[in-house]
Amino acid sequence: MSSIRSAARIAAFISLLLLAAADAPVSAQAPDTALVAAFVANRLALTFEGDSLGGEGGALLAREVAVSQFTVVGEEHGVWEVPVLVRHLLAVARPAGYRHFAIEVSPLNAELAQDAARTGRGRAAYDELFADTMHWMAFYTMPPETDLLAWAASPDTGYDLWGLDYDVFGDRSALRRLQALVPEASNDAVTKAIALADSGWAALRRGDPSRIFSFSAPESVFAELRAAIPSPDGDAARILEVLETTASINRDFVTGRNYESNLKRSSNLKANFLRYYRAAQEQGEAMPRAVLKFGAFHAERGLNGVRQYDVGWLAAALAEMNGSRSFHVLVMGGPDTQRAQFDVMSLAYRPQPVEMIAEEWMQAPRAALLESGYTVYDLRPIRALIQDRKLRNVPAPLERAIFGFDVMVVLRGSRPALEEAAQP
């Protein structure tokens, strides 16, 4: 593949990573009246101001979070109000026994975020961390996302962060951490990898994303690192694993092996989830409880839109095995509003129209929205109508969402999760 094609594909991929994935639109036609009526019958008003969730929709969310082992939020990324809502869910969950907040960053970045919170300096500690581009984290450099992290992981709130994902921008930071851990005799291979990562970042700043280390590093680089560090343990082993896993996932994508790339990423999310879960059990929690915040596809209960059984599926299955349940919340921006989209070529977030609610398959929920404020749809009663064939004209992506999530939240009046002229 030429470097130009590779660069374009990587730029598109990074943009997709920072979005909630959406299905291809179905043919345009008026929504089925019975389907719209089903959404109208199961809609509730939601408010969240101050420290509480309000309205019947807020009461529903609070009640279900409190009785579930896992609350799994599937979001449309880049919408300002989403992290604000998640903060309210976390506030409800904490006194109910939740101790963990699983997010769409790598384990290495979760550690950096946790350490920043433990300083007790709040947002200032994160601003200082993100001032160095080596420490950029997908989504969490956006102001409301930074505020969410600073609050959730603060000593006062006390959530432990679980980083379940891989890492696109953290290679330079991870390699320098690795260099500090390995014997001097092993540093030649690490120094060589750092130079490659630094040159990739320099190329990105010039507008060429094809050389980003996490996408372009050949397998030979990791072979050299493994040869130089034949028996890594502890932090060194984890750093190598994150770097190698990230490169493998991205290498598949760049070479057109999309299914394999998604499969590896899904497997990585689930493996990391189980590691954290088992570690919490070893520390004395019989049944650890966590809030998970991920892009919509990752949070679905069943087979998702990229044909994977993802971490949302695992949370649902694990909760059921424990005699409990999971609560899955799909959150998106409202009609004719905006979200923030990362532009890898300019290294900045830009306002863009929200996408999910605008999809053709979302016509019925869009038509049933309350005239003002936020709308919560309780999807569970609608499942029975579909199963009993009382609803027959349900677009496939919408049907999957109805069975994959328990509630759908539409945030009318959404704004992009950025400040004027802000960069990550």
# chains A, B, ... in the order shown; residues from 1 in each chain; ligands from 1
call {"tool": "residues_around", "arguments": {"residues": "region 216-219 of chain A", "least_positions_apart": "5", "cutoff": "8 Å", "atoms": "only C-alpha atoms", "output": "mmCIF file with C-alpha atoms, in the first residue's frame"}}
result
data_model
loop_
_atom_site.group_PDB
_atom_site.id
_atom_site.type_symbol
_atom_site.label_atom_id
_atom_site.label_comp_id
_atom_site.auth_asym_id
_atom_site.auth_seq_id
_atom_site.Cartn_x
_atom_site.Cartn_y
_atom_site.Cartn_z
ATOM 1 C CA LEU A 196 11.289 5.730 15.489
ATOM 2 C CA SER A 210 1.401 7.138 8.019
ATOM 3 C CA ARG A 211 4.496 7.019 10.204
ATOM 4 C CA ALA A 247 0.630 -2.141 16.707
ATOM 5 C CA ARG A 251 -1.373 -3.194 11.363
#
call {"tool": "residues_around", "arguments": {"residues": "region 122-134 of chain A", "least_positions_apart": "4", "cutoff": "8 Å", "atoms": "only C-alpha atoms", "output": "number ranges by chain"}}
result
A: 113, 116-117, 141, 146-147, 150-151, 154, 169-173, 424
call {"tool": "write_last_selection", "arguments": {"atoms": "N, CA and C atoms", "output": "CSV table (one decimal), in the first residue's frame"}}
result
chain,number,residue,atom,x,y,z
A,113,ALA,N,-3.6,8.8,34.5
A,113,ALA,CA,-4.7,9.5,34.9
A,113,ALA,C,-5.0,9.4,36.4
A,116,ALA,N,-2.5,11.4,38.4
A,116,ALA,CA,-2.8,12.8,38.3
A,116,ALA,C,-3.9,13.2,39.3
A,117,ALA,N,-4.9,12.3,39.4
A,117,ALA,CA,-6.0,12.5,40.4
A,117,ALA,C,-5.5,12.5,41.8
A,141,THR,N,-8.7,14.6,26.6
A,141,THR,CA,-8.2,16.0,26.6
A,141,THR,C,-9.3,17.0,26.3
A,146,THR,N,-12.0,15.8,30.7
A,146,THR,CA,-11.0,16.0,31.7
A,146,THR,C,-11.6,16.3,33.0
A,147,ASP,N,-12.6,17.1,33.1
A,147,ASP,CA,-13.3,17.4,34.4
A,147,ASP,C,-13.9,16.1,34.9
A,150,ALA,N,-11.0,14.1,36.4
A,150,ALA,CA,-10.5,14.7,37.6
A,150,ALA,C,-11.4,14.5,38.8
A,151,TRP,N,-12.7,14.5,38.6
A,151,TRP,CA,-13.7,14.4,39.6
A,151,TRP,C,-13.8,12.9,40.0
A,154,SER,N,-10.7,11.4,41.9
A,154,SER,CA,-10.1,12.3,43.0
A,154,SER,C,-10.2,11.5,44.3
A,169,PHE,N,-1.8,7.3,20.8
A,169,PHE,CA,-0.9,8.4,20.9
A,169,PHE,C,0.2,8.2,22.0
A,170,GLY,N,0.1,7.1,22.8
A,170,GLY,CA,1.0,7.0,23.9
A,170,GLY,C,2.3,6.3,23.7
A,171,ASP,N,2.7,6.0,22.5
A,171,ASP,CA,3.9,5.2,22.3
A,171,ASP,C,5.2,5.9,22.8
A,172,ARG,N,5.3,7.2,22.6
A,172,ARG,CA,6.5,7.8,23.1
A,172,ARG,C,6.6,7.9,24.6
A,173,SER,N,5.5,8.1,25.2
A,173,SER,CA,5.5,8.0,26.7
A,173,SER,C,5.8,6.6,27.2
A,424,PRO,N,-6.4,19.7,22.0
A,424,PRO,CA,-6.1,18.7,23.1
A,424,PRO,C,-4.8,18.9,23.7
call {"tool": "select_by_dssp", "arguments": {"residues": "region 69-300 of chain A", "states": "alpha helix (DSSP H)", "output": "MDAnalysis selection string"}}
result
chainID A and resid 81:93 107:118 123:130 143:152 171:181 187:205 213:216 219:228 234:254 258:282 296:299
call {"tool": "closest_residue", "arguments": {"among": "A:Asn109, A:Gln69, A:Thr337, A:Asn187", "to": "Leu225 (chain A)", "atoms": "only C-alpha atoms"}}
result
A:Asn187
call {"tool": "atom_distance", "arguments": {"atom1": "CA of Gln352 (chain A)", "atom2": "CA of Pro416 (chain A)"}}
result
7.6 Å
call {"tool": "residues_around", "arguments": {"residues": "Thr191 (chain A)", "least_positions_apart": "4", "cutoff": "12 Å", "atoms": "only C-alpha atoms", "output": "MDAnalysis selection string"}}
result
chainID A and resid 172 175:180 182 184:187 195:198 221 224:225 228
call {"tool": "write_last_selection", "arguments": {"atoms": "N, CA and C atoms", "output": "mmCIF file, in the first residue's frame"}}
result
data_model
loop_
_atom_site.group_PDB
_atom_site.id
_atom_site.type_symbol
_atom_site.label_atom_id
_atom_site.label_comp_id
_atom_site.auth_asym_id
_atom_site.auth_seq_id
_atom_site.Cartn_x
_atom_site.Cartn_y
_atom_site.Cartn_z
ATOM 1 N N ARG A 172 5.313 7.177 22.606
ATOM 2 C CA ARG A 172 6.536 7.849 23.054
ATOM 3 C C ARG A 172 6.646 7.855 24.571
ATOM 4 N N LEU A 175 7.397 4.124 25.742
ATOM 5 C CA LEU A 175 8.777 3.694 25.471
ATOM 6 C C LEU A 175 9.761 4.357 26.434
ATOM 7 N N ARG A 176 9.524 5.574 26.812
ATOM 8 C CA ARG A 176 10.407 6.231 27.782
ATOM 9 C C ARG A 176 10.242 5.622 29.165
ATOM 10 N N ARG A 177 9.044 5.234 29.509
ATOM 11 C CA ARG A 177 8.846 4.514 30.775
ATOM 12 C C ARG A 177 9.573 3.178 30.744
ATOM 13 N N LEU A 178 9.505 2.516 29.595
ATOM 14 C CA LEU A 178 10.208 1.237 29.456
ATOM 15 C C LEU A 178 11.716 1.432 29.594
ATOM 16 N N GLN A 179 12.240 2.472 28.988
ATOM 17 C CA GLN A 179 13.676 2.734 29.037
ATOM 18 C C GLN A 179 14.157 2.894 30.478
ATOM 19 N N ALA A 180 13.332 3.488 31.317
ATOM 20 C CA ALA A 180 13.717 3.699 32.714
ATOM 21 C C ALA A 180 13.680 2.416 33.537
ATOM 22 N N VAL A 182 14.415 -0.921 32.211
ATOM 23 C CA VAL A 182 15.230 -2.052 31.754
ATOM 24 C C VAL A 182 16.710 -1.792 32.035
ATOM 25 N N GLU A 184 20.693 -1.226 31.548
ATOM 26 C CA GLU A 184 21.381 -0.384 30.575
ATOM 27 C C GLU A 184 21.764 -1.155 29.327
ATOM 28 N N ALA A 185 22.071 -2.414 29.490
ATOM 29 C CA ALA A 185 22.478 -3.232 28.339
ATOM 30 C C ALA A 185 21.352 -3.412 27.336
ATOM 31 N N SER A 186 20.103 -3.203 27.772
ATOM 32 C CA SER A 186 18.957 -3.392 26.883
ATOM 33 C C SER A 186 18.525 -2.100 26.206
ATOM 34 N N ASN A 187 19.188 -0.992 26.567
ATOM 35 C CA ASN A 187 18.677 0.310 26.147
ATOM 36 C C ASN A 187 18.866 0.625 24.670
ATOM 37 N N ALA A 195 13.466 6.570 18.969
ATOM 38 C CA ALA A 195 13.785 7.417 17.810
ATOM 39 C C ALA A 195 12.758 7.235 16.703
ATOM 40 N N LEU A 196 12.304 5.996 16.510
ATOM 41 C CA LEU A 196 11.289 5.730 15.489
ATOM 42 C C LEU A 196 9.964 6.391 15.860
ATOM 43 N N ALA A 197 9.590 6.299 17.143
ATOM 44 C CA ALA A 197 8.343 6.915 17.596
ATOM 45 C C ALA A 197 8.411 8.434 17.491
ATOM 46 N N ASP A 198 9.555 9.004 17.872
ATOM 47 C CA ASP A 198 9.716 10.459 17.789
ATOM 48 C C ASP A 198 9.650 10.943 16.338
ATOM 49 N N VAL A 221 10.699 -4.465 15.062
ATOM 50 C CA VAL A 221 11.002 -3.599 16.206
ATOM 51 C C VAL A 221 10.701 -4.319 17.511
ATOM 52 N N GLU A 224 13.164 -7.106 18.241
ATOM 53 C CA GLU A 224 14.398 -6.589 18.834
ATOM 54 C C GLU A 224 14.199 -6.248 20.312
ATOM 55 N N LEU A 225 13.051 -5.653 20.631
ATOM 56 C CA LEU A 225 12.770 -5.334 22.034
ATOM 57 C C LEU A 225 12.673 -6.603 22.870
ATOM 58 N N ALA A 228 16.119 -8.009 23.411
ATOM 59 C CA ALA A 228 16.905 -7.207 24.346
ATOM 60 C C ALA A 228 16.385 -7.313 25.780
#
call {"tool": "residues_around", "arguments": {"residues": "region 275-284 of chain A", "least_positions_apart": "3", "cutoff": "9 Å", "atoms": "only C-alpha atoms", "output": "count of residues only"}}
result
9
call {"tool": "residues_around", "arguments": {"residues": "region 38-48 of chain A", "least_positions_apart": "4", "cutoff": "8 Å", "atoms": "only C-alpha atoms", "output": "PyMOL selection string"}}
result
chain A and resi 34+52-58+85+88+364-365+368-370+373-379+381-382
call {"tool": "write_last_selection", "arguments": {"atoms": "N, CA and C atoms", "output": "compact mmCIF listing (two decimals), in the first residue's frame"}}
result
# COMPACT_ATOMS: atom_id res chain seq x y z
N ALA A 34 -46.69 2.61 14.26
CA ALA A 34 -46.75 1.79 15.47
C ALA A 34 -45.43 1.84 16.22
N SER A 52 -27.98 16.18 41.12
CA SER A 52 -28.98 15.12 41.08
C SER A 52 -29.53 14.90 39.68
N LEU A 53 -30.02 13.69 39.47
CA LEU A 53 -30.76 13.34 38.26
C LEU A 53 -32.23 13.63 38.52
N GLY A 54 -32.88 14.31 37.58
CA GLY A 54 -34.27 14.68 37.79
C GLY A 54 -35.20 14.10 36.75
N GLY A 55 -36.48 14.25 36.99
CA GLY A 55 -37.51 13.73 36.09
C GLY A 55 -37.68 12.23 36.25
N GLU A 56 -38.74 11.72 35.61
CA GLU A 56 -38.97 10.27 35.68
C GLU A 56 -37.83 9.50 35.04
N GLY A 57 -37.22 10.08 33.98
CA GLY A 57 -36.08 9.43 33.37
C GLY A 57 -34.89 9.36 34.30
N GLY A 58 -34.65 10.43 35.05
CA GLY A 58 -33.56 10.42 36.02
C GLY A 58 -33.79 9.42 37.12
N LEU A 85 -23.53 13.81 32.15
CA LEU A 85 -24.48 12.76 32.56
C LEU A 85 -23.75 11.62 33.24
N HIS A 88 -23.07 12.21 36.81
CA HIS A 88 -24.24 12.00 37.66
C HIS A 88 -24.49 10.51 37.91
N ALA A 364 -37.76 6.74 14.01
CA ALA A 364 -38.83 6.59 15.01
C ALA A 364 -38.47 7.25 16.33
N PRO A 365 -37.30 6.98 16.92
CA PRO A 365 -36.94 7.70 18.14
C PRO A 365 -36.88 9.21 17.93
N ALA A 368 -40.32 10.69 18.05
CA ALA A 368 -41.02 10.56 19.33
C ALA A 368 -40.43 11.43 20.44
N LEU A 369 -39.39 12.20 20.15
CA LEU A 369 -38.72 12.99 21.18
C LEU A 369 -39.67 13.96 21.86
N LEU A 370 -39.42 14.20 23.14
CA LEU A 370 -40.11 15.27 23.84
C LEU A 370 -39.78 16.60 23.16
N GLY A 373 -35.93 19.58 26.23
CA GLY A 373 -35.19 18.84 27.25
C GLY A 373 -34.67 17.50 26.75
N TYR A 374 -34.20 16.70 27.68
CA TYR A 374 -33.61 15.40 27.37
C TYR A 374 -34.67 14.30 27.47
N THR A 375 -34.55 13.32 26.58
CA THR A 375 -35.53 12.22 26.52
C THR A 375 -34.84 10.91 26.85
N VAL A 376 -35.46 10.13 27.73
CA VAL A 376 -35.03 8.76 28.02
C VAL A 376 -36.09 7.82 27.46
N TYR A 377 -35.67 6.88 26.64
CA TYR A 377 -36.57 5.82 26.18
C TYR A 377 -36.24 4.54 26.94
N ASP A 378 -37.22 3.95 27.58
CA ASP A 378 -37.06 2.63 28.17
C ASP A 378 -37.30 1.61 27.05
N LEU A 379 -36.24 0.96 26.62
CA LEU A 379 -36.33 0.08 25.45
C LEU A 379 -36.88 -1.30 25.79
N PRO A 381 -39.65 -2.58 27.27
CA PRO A 381 -41.01 -2.98 26.85
C PRO A 381 -41.14 -3.13 25.33
N ILE A 382 -40.31 -2.41 24.59
CA ILE A 382 -40.40 -2.47 23.13
C ILE A 382 -39.90 -3.82 22.61
call {"tool": "residues_around", "arguments": {"residues": "Ala290 (chain A)", "least_positions_apart": "6", "cutoff": "7 Å", "atoms": "only C-alpha atoms", "output": "number ranges by chain"}}
result
A: 69-71, 98-102
call {"tool": "write_last_selection", "arguments": {"atoms": "C-alpha atoms", "output": "compact mmCIF listing (two decimals), in the first residue's frame"}}
result
# COMPACT_ATOMS: atom_id res chain seq x y z
CA GLN A 69 -23.44 -4.90 39.05
CA PHE A 70 -22.29 -3.02 35.97
CA THR A 71 -23.57 0.14 34.35
CA TYR A 98 -19.43 0.82 42.85
CA ARG A 99 -15.67 1.28 43.15
CA HIS A 100 -14.37 1.19 39.57
CA PHE A 101 -14.67 3.30 36.41
CA ALA A 102 -13.64 1.53 33.19
call {"tool": "atom_distance", "arguments": {"atom1": "CA of Arg206 (chain A)", "atom2": "CA of Met137 (chain A)"}}
result
20.4 Å
call {"tool": "select_by_dssp", "arguments": {"residues": "region 23-241 of chain A", "states": "strand (DSSP E)", "output": "list in words"}}
result
Arg43, Leu44, Ala45, Leu46, Thr47, Phe48, Glu49, Ser52, Leu53, Gly54, Phe70, Thr71, Val72, Val73, Gly74, Glu75, His100, Phe101, Ala102, Ile103, Asp160, Leu161, Trp162 and Gly163 of chain A
call {"tool": "write_last_selection", "arguments": {"atoms": "C-alpha atoms", "output": "PDB file, in the first residue's frame"}}
result
ATOM      1  CA  ARG A  43     -40.398   7.974  26.861  1.00  0.00           C
ATOM      2  CA  LEU A  44     -39.506   9.813  30.042  1.00  0.00           C
ATOM      3  CA  ALA A  45     -38.166  13.289  30.777  1.00  0.00           C
ATOM      4  CA  LEU A  46     -34.631  13.656  32.131  1.00  0.00           C
ATOM      5  CA  THR A  47     -32.819  16.533  33.789  1.00  0.00           C
ATOM      6  CA  PHE A  48     -29.424  16.670  35.427  1.00  0.00           C
ATOM      7  CA  GLU A  49     -28.492  19.873  37.118  1.00  0.00           C
ATOM      8  CA  SER A  52     -28.985  15.121  41.083  1.00  0.00           C
ATOM      9  CA  LEU A  53     -30.761  13.342  38.264  1.00  0.00           C
ATOM     10  CA  GLY A  54     -34.270  14.683  37.788  1.00  0.00           C
ATOM     11  CA  PHE A  70     -22.287  -3.025  35.966  1.00  0.00           C
ATOM     12  CA  THR A  71     -23.575   0.142  34.347  1.00  0.00           C
ATOM     13  CA  VAL A  72     -22.388   0.230  30.728  1.00  0.00           C
ATOM     14  CA  VAL A  73     -22.615   3.572  28.933  1.00  0.00           C
ATOM     15  CA  GLY A  74     -22.373   3.483  25.141  1.00  0.00           C
ATOM     16  CA  GLU A  75     -21.845   7.005  23.919  1.00  0.00           C
ATOM     17  CA  HIS A 100     -14.374   1.187  39.565  1.00  0.00           C
ATOM     18  CA  PHE A 101     -14.666   3.304  36.408  1.00  0.00           C
ATOM     19  CA  ALA A 102     -13.635   1.534  33.189  1.00  0.00           C
ATOM     20  CA  ILE A 103     -12.717   3.826  30.295  1.00  0.00           C
ATOM     21  CA  ASP A 160     -10.269   3.330  40.609  1.00  0.00           C
ATOM     22  CA  LEU A 161      -9.720   3.738  36.876  1.00  0.00           C
ATOM     23  CA  TRP A 162      -9.657   0.661  34.656  1.00  0.00           C
ATOM     24  CA  GLY A 163      -8.048   1.305  31.279  1.00  0.00           C
TER      25      GLY A 163
END
call {"tool": "closest_residue", "arguments": {"among": "A:Leu89, A:Ala30, A:Val354, A:Val311", "to": "Ala340 (chain A)", "atoms": "only C-alpha atoms"}}
result
A:Val354
